[in-house]
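Peer 1: Input structure: run_12.pdb, which contains PDB, C-alpha atoms, pLDDT in the B column.
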ATOM      1  CA  MET A  26      85.595  76.602  71.853  1.00 72.00           C
ATOM      2  CA  GLY A  27      88.567  75.207  73.773  1.00 74.00           C
ATOM      3  CA  SER A  28      92.011  75.760  75.156  1.00 76.00           C
ATOM      4  CA  GLY A  29      95.001  73.744  76.187  1.00 75.00           C
ATOM      5  CA  ILE A  30      98.490  73.788  77.535  1.00 80.00           C
ATOM      6  CA  THR A  31     101.468  71.617  76.683  1.00 81.00           C
ATOM      7  CA  LEU A  32     104.747  71.526  78.547  1.00 83.00           C
ATOM      8  CA  HIS A  33     107.846  71.147  76.387  1.00 82.00           C
ATOM      9  CA  SER A  34     111.359  70.734  77.716  1.00 85.00           C
ATOM     10  CA  ASN A  35     114.750  71.388  76.147  1.00 85.00           C
ATOM     11  CA  ILE A  36     113.560  74.143  73.812  1.00 85.00           C
ATOM     12  CA  LEU A  37     116.393  76.629  73.845  1.00 83.00           C
ATOM     13  CA  ASP A  38     115.345  78.755  70.877  1.00 86.00           C
ATOM     14  CA  ALA A  39     112.515  81.298  70.777  1.00 87.00           C
ATOM     15  CA  GLY A  40     111.927  80.582  67.082  1.00 88.00           C
ATOM     16  CA  LEU A  41     111.417  76.891  67.772  1.00 89.00           C
ATOM     17  CA  ALA A  42     108.986  77.724  70.585  1.00 90.00           C
ATOM     18  CA  GLU A  43     107.048  79.992  68.206  1.00 91.00           C
ATOM     19  CA  ALA A  44     106.955  77.276  65.528  1.00 91.00           C
ATOM     20  CA  ILE A  45     105.672  74.694  68.008  1.00 92.00           C
ATOM     21  CA  ALA A  46     102.969  77.118  69.158  1.00 90.00           C
ATOM     22  CA  CYS A  47     101.961  77.651  65.518  1.00 91.00           C
ATOM     23  CA  TYR A  48     101.812  73.897  64.945  1.00 93.00           C
ATOM     24  CA  GLN A  49      99.660  73.357  68.031  1.00 91.00           C
ATOM     25  CA  GLY A  50      97.326  76.195  67.025  1.00 91.00           C
ATOM     26  CA  LEU A  51      96.839  74.687  63.580  1.00 93.00           C
ATOM     27  CA  LEU A  52      96.256  71.262  65.099  1.00 93.00           C
ATOM     28  CA  PHE A  53      93.551  72.782  67.299  1.00 92.00           C
ATOM     29  CA  ALA A  54      91.967  74.542  64.291  1.00 92.00           C
ATOM     30  CA  LYS A  55      91.936  71.262  62.347  1.00 94.00           C
ATOM     31  CA  GLU A  56      90.371  69.351  65.232  1.00 92.00           C
ATOM     32  CA  MET A  57      87.699  72.050  65.624  1.00 92.00           C
ATOM     33  CA  GLY A  58      86.826  71.809  61.917  1.00 93.00           C
ATOM     34  CA  PHE A  59      87.817  75.332  60.888  1.00 93.00           C
ATOM     35  CA  ILE A  60      88.210  75.791  57.134  1.00 92.00           C
ATOM     36  CA  LYS A  61      89.748  79.273  57.002  1.00 92.00           C
ATOM     37  CA  VAL A  62      92.666  80.059  59.299  1.00 92.00           C
ATOM     38  CA  GLU A  63      94.844  83.129  59.739  1.00 90.00           C
ATOM     39  CA  VAL A  64      98.088  82.650  61.635  1.00 87.00           C
ATOM     40  CA  GLU A  65      99.847  85.758  62.885  1.00 87.00           C
ATOM     41  CA  GLY A  66     103.114  85.599  64.778  1.00 85.00           C
ATOM     42  CA  ASP A  67     105.941  87.858  65.827  1.00 84.00           C
ATOM     43  CA  ALA A  68     108.867  85.566  64.942  1.00 85.00           C
ATOM     44  CA  TRP A  69     109.865  86.857  61.495  1.00 85.00           C
ATOM     45  CA  VAL A  70     112.190  83.905  60.762  1.00 86.00           C
ATOM     46  CA  VAL A  71     109.439  81.374  61.449  1.00 88.00           C
ATOM     47  CA  ILE A  72     106.854  83.203  59.313  1.00 88.00           C
ATOM     48  CA  GLU A  73     109.314  83.536  56.421  1.00 89.00           C
ATOM     49  CA  LYS A  74     110.225  79.842  56.562  1.00 90.00           C
ATOM     50  CA  ILE A  75     106.570  78.832  56.544  1.00 89.00           C
ATOM     51  CA  ASN A  76     105.896  81.006  53.490  1.00 88.00           C
ATOM     52  CA  GLN A  77     108.957  79.772  51.528  1.00 87.00           C
ATOM     53  CA  GLU A  78     108.528  77.060  48.923  1.00 82.00           C
ATOM     54  CA  GLU A  79     111.650  75.061  49.751  1.00 79.00           C
ATOM     55  CA  ASN A  80     112.544  73.338  52.982  1.00 73.00           C
ATOM     56  CA  GLY A  81     115.884  73.728  54.700  1.00 74.00           C
ATOM     57  CA  ARG A  82     117.869  71.402  56.893  1.00 67.00           C
ATOM     58  CA  ALA A  83     117.975  73.266  60.213  1.00 75.00           C
ATOM     59  CA  ASP A  84     116.321  71.939  63.369  1.00 74.00           C
ATOM     60  CA  LEU A  85     113.487  74.389  62.874  1.00 86.00           C
ATOM     61  CA  ASP A  86     112.716  73.062  59.402  1.00 88.00           C
ATOM     62  CA  SER A  87     111.250  69.752  60.571  1.00 89.00           C
ATOM     63  CA  ILE A  88     108.489  71.521  62.495  1.00 90.00           C
ATOM     64  CA  ILE A  89     108.051  73.979  59.585  1.00 92.00           C
ATOM     65  CA  ALA A  90     107.442  70.990  57.267  1.00 92.00           C
ATOM     66  CA  ASP A  91     104.809  69.714  59.714  1.00 93.00           C
ATOM     67  CA  ILE A  92     103.155  73.157  59.731  1.00 93.00           C
ATOM     68  CA  LYS A  93     103.095  73.266  55.917  1.00 92.00           C
ATOM     69  CA  ALA A  94     101.428  69.832  55.857  1.00 93.00           C
ATOM     70  CA  PHE A  95      98.353  71.399  57.490  1.00 92.00           C
ATOM     71  CA  GLU A  96      97.613  73.316  54.270  1.00 91.00           C
ATOM     72  CA  ARG A  97      95.678  70.358  52.873  1.00 93.00           C
ATOM     73  CA  PHE A  98      93.185  70.478  55.763  1.00 94.00           C
ATOM     74  CA  PHE A  99      92.022  74.066  55.228  1.00 94.00           C
ATOM     75  CA  HIS A 100      90.324  75.857  52.341  1.00 92.00           C
ATOM     76  CA  GLN A 101      92.305  78.976  53.155  1.00 90.00           C
ATOM     77  CA  ILE A 102      95.317  79.498  55.371  1.00 89.00           C
ATOM     78  CA  SER A 103      97.230  82.735  55.768  1.00 88.00           C
ATOM     79  CA  VAL A 104     100.494  83.060  57.682  1.00 86.00           C
ATOM     80  CA  LYS A 105     101.781  86.561  58.303  1.00 85.00           C
ATOM     81  CA  HIS A 106     104.030  88.563  60.584  1.00 81.00           C
ATOM     82  CA  GLY A 107     102.655  91.097  63.016  1.00 74.00           C
ATOM     83  CA  CYS A 108     100.887  91.554  66.291  1.00 59.00           C
ATOM     84  CA  LEU A 109      97.148  91.487  66.663  1.00 49.00           C
ATOM     85  CA  ASP A 110      95.434  94.368  68.354  1.00 49.00           C
ATOM     86  CA  TRP A 111      93.470  92.158  70.715  1.00 46.00           C
ATOM     87  CA  ALA A 112      91.424  95.017  72.122  1.00 42.00           C
ATOM     88  CA  ASP A 113      89.997  95.768  68.670  1.00 45.00           C
ATOM     89  CA  GLU A 114      89.325  92.093  67.983  1.00 47.00           C
ATOM     90  CA  PHE A 115      87.315  91.653  71.188  1.00 45.00           C
ATOM     91  CA  ILE A 116      85.443  94.951  70.899  1.00 43.00           C
ATOM     92  CA  ASP A 117      84.505  94.271  67.279  1.00 45.00           C
ATOM     93  CA  GLY A 118      83.965  90.514  67.573  1.00 44.00           C
ATOM     94  CA  HIS A 119      81.677  90.490  64.550  1.00 41.00           C
ATOM     95  CA  ALA A 120      84.686  91.047  62.270  1.00 39.00           C
ATOM     96  CA  LEU A 121      85.906  87.541  63.102  1.00 39.00           C
ATOM     97  CA  VAL A 122      82.541  85.988  62.280  1.00 35.00           C
ATOM     98  CA  THR A 123      81.856  87.895  59.080  1.00 31.00           C
ATOM     99  CA  ARG A 124      85.324  87.150  57.699  1.00 35.00           C
ATOM    100  CA  GLU A 125      85.002  83.508  58.818  1.00 37.00           C
ATOM    101  CA  ILE A 126      88.531  83.625  60.158  1.00 40.00           C
ATOM    102  CA  TYR A 127      89.106  82.410  63.682  1.00 41.00           C
ATOM    103  CA  MET A 128      92.048  83.426  65.841  1.00 47.00           C
ATOM    104  CA  VAL A 129      93.662  80.393  67.417  1.00 47.00           C
TER     105      VAL A 129
END
With the file now loaded, output its structure as structure tokens.
Peer 2:
Amino acid sequence: MGSGITLHSNILDAGLAEAIACYQGLLFAKEMGFIKVEVEGDAWVVIEKINQEENGRADLDSIIADIKAFERFFHQISVKHGCLDWADEFIDGHALVTREIYMV
């Protein structure tokens, strides 16, 4: 599949870091040609802003708008709050294939 790392400087907010990670994950999913994507994060504020209809004016909202723009590239995209149980996902890897949802 693939992996990557990007160094960002001057990010003083954990929510902004989470939003940038979400953006980069969606960019990767788009470049890989995925059509169904499930995003799961632990930053409640970021997840709520992504799922809201309107855009705000805070610093975080510019990256949120960029994240929302990815919706047109996927047949299905789900953004929710929570933590994945990675042990279950790797033990039961077939669940990812049969649901056609890929964790990025």
Peer 1: Work out how far apart CA of Gly50 (chain A) and CA of Val104 (chain A) are and give it in Å to one decimal.
Peer 2: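 The value is 12.0 Å.
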Peer 1: Can you give me, as an MDAnalysis selection string, the residues this file yields under the PyMOL selection byres ((chain A and resi 47) around 9)?
Peer 2: chainID A and resid 42:46 48:52 64:66 92 129
Peer 1: Enter the distance from CA of Asp86 (chain A) to CA of Glu73 (chain A), in Å, rounded to one decimal.
Peer 2: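 Answer for the CA of Asp86 (chain A) to CA of Glu73 (chain A) separation: 11.4 Å.
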Peer 1: On this structure, the PyMOL selection byres ((chain A and resi 61) around 7) would catch which residues? List them as a PyMOL selection string, sorted by chain and number.
Peer 2: chain A and resi 59-60+62-63+99-102+125-126
Peer 1: Just checking: using only C-alpha atoms, which residue out of A:Glu56, A:Ile72, A:Lys105, A:Glu96 ends up closest to Leu41 (chain A)?
Peer 2: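 Using only C-alpha atoms, Leu41 (chain A) sits closest to A:Ile72.
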Peer 1: If you measure from CA of Asp84 (chain A) to CA of Val71 (chain A), what distance in Å do you get, rounded to one decimal?
Peer 2: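 Between CA of Asp84 (chain A) and CA of Val71 (chain A) the gap works out to 11.8 Å.
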Peer 1: For a quick check of understanding, using only C-alpha atoms, which of A:Gly58, A:Gly40, A:Gly27, A:Gly81 has the smallest distance to Phe98 (chain A)?
Peer 2: A:Gly58
Peer 1: Would you compute an axis-aligned box for region 82-101 of chain A, covering every atom listed for it in the file with 6 Å of margin on each side, and report centre and edge lengths in Å to one decimal as JSON?
Peer 2:
{"center_x": 104.1, "center_y": 74.3, "center_z": 57.9, "size_x": 39.7, "size_y": 21.3, "size_z": 23.0}
Peer 1: A:Met26, A:Leu32, A:Asp38, A:Ser87: which is nearest Lys74 (chain A), counting only C-alpha atoms?
Peer 2: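 Of the candidates, the smallest distance to Lys74 (chain A) is held by A:Ser87.
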